[in-house]
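Visitor: Quick one, run_16.cif (mmCIF, C-alpha atoms):
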data_target
loop_
_atom_site.label_atom_id
_atom_site.label_comp_id
_atom_site.auth_asym_id
_atom_site.auth_seq_id
_atom_site.Cartn_x
_atom_site.Cartn_y
_atom_site.Cartn_z
CA MET M 1 77.85 115.99 74.38
CA ARG M 2 76.12 114.81 77.52
CA ARG M 3 76.40 111.18 76.55
CA LYS M 4 80.19 111.54 76.62
CA THR M 5 80.18 113.31 79.95
CA ILE M 6 78.39 110.67 81.95
CA PRO M 7 80.85 107.83 81.16
CA SER M 8 83.81 110.08 81.93
CA VAL M 9 82.27 110.86 85.32
CA VAL M 10 81.53 107.19 85.93
CA LEU M 11 85.12 106.41 84.96
CA ARG M 12 86.18 108.07 88.21
CA LEU M 13 84.92 104.99 90.01
CA TYR M 14 87.99 103.15 88.69
CA PRO M 15 91.31 103.31 90.54
CA ARG M 16 93.55 106.11 89.30
CA ALA M 17 96.26 103.82 87.91
CA TRP M 18 93.73 101.74 86.03
CA ARG M 19 92.11 104.90 84.64
CA ALA M 20 95.46 106.21 83.47
CA ARG M 21 96.17 103.03 81.54
CA TYR M 22 92.77 102.03 80.18
CA GLY M 23 90.49 105.05 80.69
CA GLU M 24 90.88 106.67 77.30
CA GLU M 25 90.47 103.36 75.48
CA LEU M 26 87.36 102.55 77.45
CA LEU M 27 85.81 105.94 76.72
CA GLY M 28 86.64 105.48 73.04
CA LEU M 29 84.85 102.13 73.07
CA VAL M 30 81.86 103.66 74.86
CA ASP M 31 81.65 106.34 72.17
CA GLU M 32 81.69 103.65 69.49
CA LEU M 33 78.92 101.77 71.26
CA PHE M 34 76.83 104.93 71.58
CA ASP M 35 77.38 105.68 67.91
CA ALA M 36 76.21 102.15 67.10
CA HIS M 37 73.01 102.87 69.07
CA ASN M 38 73.69 100.52 71.93
CA SER M 39 71.66 101.01 75.09
CA ARG M 40 73.31 103.91 76.90
CA SER M 41 71.97 103.07 80.31
CA ARG M 42 73.20 99.49 79.98
CA VAL M 43 76.66 100.67 78.94
CA VAL M 44 76.87 103.18 81.78
CA ILE M 45 75.68 100.64 84.35
CA ASP M 46 78.24 98.13 83.09
CA ILE M 47 81.18 100.52 83.38
CA ALA M 48 79.93 101.70 86.79
CA LEU M 49 79.71 98.15 88.15
CA SER M 50 83.07 97.24 86.61
CA GLY M 51 84.61 100.36 88.14
CA LEU M 52 83.34 99.39 91.56
CA ALA M 53 84.67 95.87 91.04
CA GLN M 54 88.07 97.22 90.06
CA ARG M 55 88.15 99.51 93.06
CA GLY M 56 87.14 96.65 95.33
CA GLN M 57 89.87 94.46 93.92
CA ALA M 58 92.43 97.24 94.36
CA ALA M 59 91.35 97.69 97.98
CA PHE M 60 91.47 93.95 98.53
CA ARG M 61 94.98 93.75 97.05
CA SER M 62 96.06 96.64 99.24
CA ARG M 63 94.62 95.02 102.35
CA ARG M 64 96.11 91.69 101.35
CA THR M 65 99.52 93.37 101.07
CA THR M 66 99.12 94.81 104.55
CA VAL M 67 98.02 91.46 105.93
CA THR M 68 100.93 89.73 104.17
CA MET M 69 103.44 92.18 105.61
CA GLY M 70 101.93 91.69 109.04
CA ALA M 71 102.13 87.93 108.68
CA VAL M 72 105.77 88.17 107.58
CA ALA M 73 106.52 90.38 110.56
CA LEU M 74 104.85 87.86 112.87
CA LEU M 75 106.87 85.06 111.31
CA LEU M 76 110.10 87.01 111.64
CA MET M 77 109.55 87.94 115.28
CA PRO M 78 110.41 84.48 116.64
CA LEU M 79 113.48 84.40 114.40
CA ALA M 80 114.57 87.79 115.69
CA ALA M 81 114.00 86.63 119.25
CA LEU M 82 116.02 83.50 118.53
CA ASN M 83 118.80 85.64 117.13
CA ILE M 84 118.88 87.74 120.32
CA ILE M 85 118.97 84.62 122.45
CA ASN M 86 121.80 83.18 120.40
CA SER M 87 123.76 86.40 120.46
CA GLU M 88 123.34 86.51 124.22
CA SER M 89 125.01 83.17 124.64
CA PRO M 90 127.66 83.32 127.37
CA SER M 91 131.09 84.26 126.22
CA HIS M 92 134.18 82.99 127.97
CA SER M 93 136.18 86.04 127.08
CA PRO M 94 135.17 89.53 128.09
CA GLY M 95 134.56 92.21 125.52
CA TRP M 96 133.49 91.82 121.93
CA THR M 97 132.08 88.57 120.73
CA SER M 98 131.57 89.42 117.11
CA VAL M 99 132.41 91.91 114.43
CA VAL M 100 130.00 92.50 111.59
CA GLY M 101 130.63 94.65 108.57
CA GLU M 102 133.65 96.14 106.96
CA GLY M 103 135.36 99.49 106.69
CA ASN M 104 138.11 101.62 108.16
CA VAL M 105 138.17 102.91 111.69
CA PHE M 106 140.31 104.40 114.34
CA PRO M 107 140.09 103.00 117.82
CA VAL M 108 136.64 103.50 119.17
CA ASP M 109 136.01 103.77 122.85
CA VAL M 110 132.72 102.24 123.81
CA PRO M 111 131.39 103.55 127.10
CA GLY M 112 131.41 100.71 129.57
CA GLY M 113 132.71 98.33 126.94
CA PRO M 114 135.89 97.17 125.26
CA VAL M 115 138.11 99.07 122.90
CA ALA M 116 138.47 97.97 119.32
CA SER M 117 141.90 98.80 117.99
CA VAL M 118 142.29 99.54 114.33
CA SER M 119 145.37 100.02 112.20
CA ASP M 120 146.26 101.56 108.84
CA CYS M 121 143.37 103.95 108.75
CA PRO M 122 144.28 107.33 107.27
CA PHE M 123 140.97 109.05 107.91
CA PRO M 124 139.12 109.78 111.08
CA PRO M 125 136.02 107.65 111.57
CA LYS M 126 132.56 109.02 111.89
CA LEU M 127 130.29 107.45 114.42
CA SER M 128 127.04 107.21 112.50
CA ASN M 129 124.95 105.18 114.83
CA SER M 130 125.09 103.60 118.22
CA ALA M 131 122.52 101.73 120.18
CA THR M 132 122.42 99.46 123.17
CA SER M 133 119.88 96.80 123.91
CA ARG M 134 120.13 94.78 127.08
CA ASN M 135 123.65 93.43 127.22
CA HIS M 136 124.46 94.16 123.64
CA LEU M 137 126.03 97.16 122.08
CA SER M 138 125.87 97.99 118.43
CA ILE M 139 127.85 100.74 116.78
CA SER M 140 128.31 101.78 113.19
CA VAL M 141 131.36 103.61 112.03
CA SER M 142 131.72 105.11 108.60
CA LEU M 143 134.73 106.53 106.86
CA VAL M 144 134.93 108.49 103.62
CA PRO M 145 136.77 107.81 101.39
CA PRO M 146 137.13 104.07 101.81
CA GLY M 147 140.49 102.41 102.26
CA SER M 148 141.75 99.26 103.85
CA ALA M 149 142.27 98.50 107.49
CA SER M 150 141.87 95.84 110.10
CA VAL M 151 140.18 95.78 113.44
CA THR M 152 141.35 93.90 116.51
CA VAL M 153 138.77 92.73 118.99
CA GLY M 154 140.04 90.87 121.99
CA ASN M 155 142.71 88.59 120.66
CA LYS M 156 141.26 88.42 117.14
CA THR M 157 142.09 90.64 114.20
CA TYR M 158 139.63 91.10 111.38
CA ASP M 159 140.52 92.33 107.93
CA LEU M 160 138.24 95.04 106.65
CA SER M 161 137.96 95.42 102.89
CA ASN M 162 137.13 98.57 100.98
CA ALA M 163 133.89 100.04 102.23
CA CYS M 164 132.67 103.25 103.71
CA GLU M 165 130.76 101.81 106.58
CA TYR M 166 130.76 98.88 108.89
CA THR M 167 129.10 97.81 112.10
CA ILE M 168 130.61 96.24 115.16
CA ARG M 169 128.40 94.24 117.44
CA GLY M 170 129.39 92.67 120.65
CA ARG M 171 128.93 92.29 124.32
CA SER M 172 129.54 95.42 126.31
CA MET D 1 73.89 78.52 68.93
CA PRO D 2 74.28 77.76 72.67
CA THR D 3 71.94 79.40 75.12
CA PRO D 4 73.39 82.83 76.02
CA ASN D 5 72.21 82.66 79.63
CA LEU D 6 74.13 79.46 80.16
CA ASN D 7 77.24 80.74 78.42
CA ALA D 8 77.16 84.04 80.30
CA LYS D 9 78.71 82.19 83.19
CA MET D 10 81.62 81.12 81.01
CA ASP D 11 84.94 82.66 81.83
CA ARG D 12 85.17 85.92 79.91
CA SER D 13 88.90 85.56 79.68
CA LEU D 14 88.42 82.40 77.66
CA LEU D 15 86.07 84.20 75.28
CA ILE D 16 88.54 87.04 74.79
CA LEU D 17 91.47 84.71 74.20
CA THR D 18 89.37 82.76 71.72
CA ALA D 19 88.46 85.96 69.90
CA LEU D 20 92.11 87.00 69.76
CA ALA D 21 93.18 83.60 68.48
CA SER D 22 92.22 84.68 64.96
CA GLY D 23 94.30 87.87 65.14
CA PRO D 24 94.67 91.21 66.96
CA LYS D 25 91.48 93.11 67.75
CA HIS D 26 90.51 96.30 69.54
CA GLY D 27 87.71 96.54 72.09
CA TYR D 28 84.78 97.05 69.75
CA ALA D 29 85.90 94.29 67.36
CA LEU D 30 86.36 91.96 70.34
CA MET D 31 82.82 92.61 71.56
CA GLN D 32 81.41 92.02 68.09
CA ASP D 33 83.39 88.83 67.54
CA ILE D 34 82.47 87.37 70.91
CA ALA D 35 78.82 88.16 70.29
CA ASP D 36 79.03 86.48 66.88
CA PHE D 37 80.62 83.21 67.96
CA SER D 38 79.08 82.82 71.42
CA GLY D 39 75.95 84.93 71.51
CA ILE D 40 77.28 86.69 74.60
CA ARG D 41 77.36 90.47 74.72
CA ILE D 42 80.10 91.62 77.06
CA GLY D 43 79.79 95.16 78.37
CA PRO D 44 82.66 97.59 77.81
CA GLY D 45 83.60 97.80 81.48
CA THR D 46 83.51 94.05 81.87
CA LEU D 47 85.61 93.68 78.73
CA TYR D 48 88.28 96.08 79.92
CA ASN D 49 88.37 94.55 83.39
CA SER D 50 89.16 91.24 81.75
CA LEU D 51 91.64 92.79 79.31
CA SER D 52 93.57 94.41 82.16
CA LYS D 53 93.77 91.10 84.01
CA LEU D 54 94.85 89.21 80.91
CA GLU D 55 97.50 91.80 80.14
CA ALA D 56 98.76 91.68 83.74
CA ARG D 57 99.12 87.90 83.42
CA GLY D 58 101.02 88.27 80.16
CA LEU D 59 98.38 86.38 78.17
CA ILE D 60 97.68 89.28 75.82
CA GLN D 61 99.73 92.22 74.66
CA ALA D 62 98.62 95.74 73.79
CA LEU D 63 99.70 97.00 70.39
CA ASP D 64 100.22 100.57 69.26
CA PRO D 65 96.95 102.50 69.39
CA ASP D 66 95.14 103.65 66.30
CA ASP D 67 93.59 106.91 67.50
CA ARG D 68 91.59 105.89 70.59
CA ARG D 69 91.45 102.26 69.56
CA ARG D 70 94.18 100.03 70.90
CA PRO D 71 94.35 96.53 69.47
CA TYR D 72 95.38 93.57 71.57
CA ARG D 73 96.98 90.34 70.49
CA ILE D 74 97.32 87.01 72.17
CA THR D 75 100.84 86.10 73.38
CA PRO D 76 102.47 82.66 73.11
CA LYS D 77 101.70 82.22 76.82
CA GLY D 78 98.07 83.13 76.08
CA ILE D 79 97.93 80.59 73.26
CA ALA D 80 99.23 77.89 75.60
CA GLU D 81 96.72 78.89 78.27
CA LEU D 82 93.86 78.89 75.75
CA ARG D 83 94.89 75.49 74.43
CA ASP D 84 94.99 74.04 77.94
CA GLN D 85 91.62 75.48 78.92
CA LEU D 86 89.89 74.40 75.72
CA SER D 87 91.36 70.91 75.98
CA GLU D 88 90.11 70.67 79.55
CA SER D 89 86.67 71.94 78.52
CA ALA D 90 86.55 69.43 75.66
CA ARG D 91 87.57 66.61 78.00
CA LEU D 92 84.87 67.60 80.47
CA ALA D 93 82.28 67.93 77.70
CA GLN D 94 83.08 64.47 76.33
CA PHE D 95 82.94 63.00 79.81
CA GLY D 96 79.56 64.62 80.49
CA LEU D 97 78.12 63.53 77.16
CA ARG D 98 79.27 59.94 77.76
CA ARG D 99 77.52 59.94 81.12
CA LEU D 100 74.35 61.32 79.57
CA ARG D 101 74.38 58.61 76.92
CA ALA D 102 75.00 55.94 79.53
CA SER D 103 72.11 57.14 81.70
CA ARG D 104 69.51 56.67 78.94
#
Please rewrite the model in this file as structure tokens.
Guide:
Amino acid sequence: MRRKTIPSVVLRLYPRAWRARYGEELLGLVDELFDAHNSRSRVVIDIALSGLAQRGQAAFRSRRTTVTMGAVALLLMPLAALNIINSESPSHSPGWTSVVGEGNVFPVDVPGGPVASVSDCPFPPKLSNSATSRNHLSISVSLVPPGSASVTVGNKTYDLSNACEYTIRGRS
Amino acid sequence: MPTPNLNAKMDRSLLILTALASGPKHGYALMQDIADFSGIRIGPGTLYNSLSKLEARGLIQALDPDDRRRPYRITPKGIAELRDQLSESARLAQFGLRRLRASR
């Protein structure tokens, strides 16, 4: 009985996911090896070392994922900065410079900013998010259920297709 | 029979794929077969570490278990990989042997 206990304890060295997939098979193989009079200490040492190797690899993969995400974030930061610079390009007309997203809204008053006028919207909008950063204002308006409408910003009118949510971005 | 100590450094994945080339095998049968044709005794933990990597790479496939024994078989991708590796090993071996003959 003891010979089957030691490998199952040593098996805990393996990562949980690996154990769940291969643990029972490995213990079955160990039992076969013990039954065939293989060296128990050698078998136990082998599964212990392999377990440590597996755990090390799992930790390495995890750290590599973190490092990769960090590297991606670092790579994206200049792009994000570039996007802000571009979006801050001077506009000749006051008010909104862009509309992003789609949905149905009623006129939305933006404090200190322009008014976006919207037509054909049978439901009241719900302001789900608003945020300002430097000279830019971003708001999200959602409407349930979706319908069809258009939004006028400055002298431009944008058609909004069926959707429950859209975002307007522009200069305030 | 090649010297086991020298072959112990051989890629275990190659040994496993070679063993599976003759048909599906479970862990114990794999260990026995590898020991028979190469003289190398792979430990159970080492074997399953390699099996998990090969399965993750799609080179082998687990079959339905028979009690606690689960056989594995080589996939078409595994066959292609084995063929490539063995061809490369054969090319290297021939190259090395030619050099040895030339140096005499």
Visitor: Return the neighbours of chain D among the residues of chain M, cut-off 8 Å, counting all atoms listed in the file, as a PyMOL selection string.
Guide: chain M and resi 22+24-26+28-30+32-33+43+46-51+54
Visitor: Quick check, in Å to one decimal: how far apart do CA of Leu13 in chain M and CA of Leu59 in chain D lie?
Guide: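 It comes out at 25.8 Å.
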Visitor: Measure the distance from CA of Ala17 in chain M to CA of Arg55 in chain M in Å and round it to one decimal.
Guide: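 Result for CA of Ala17 in chain M versus CA of Arg55 in chain M: 10.5 Å, one decimal.
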Visitor: Taking only C-alpha atoms into account, which of M:Leu74, M:Ala59, M:Trp18, M:Leu52 comes nearest Lys53 in chain D?
Guide: M:Trp18
Visitor: Need the shell around Gln61 in chain D: protein/DNA/RNA residues with any atom at most 10 Å away, counting all atoms listed in the file. Skip same-chain ones fewer than 5 positions apart. Format as a ChimeraX atom specification?
Guide: /D:24,51-52,54-56,71-75,78
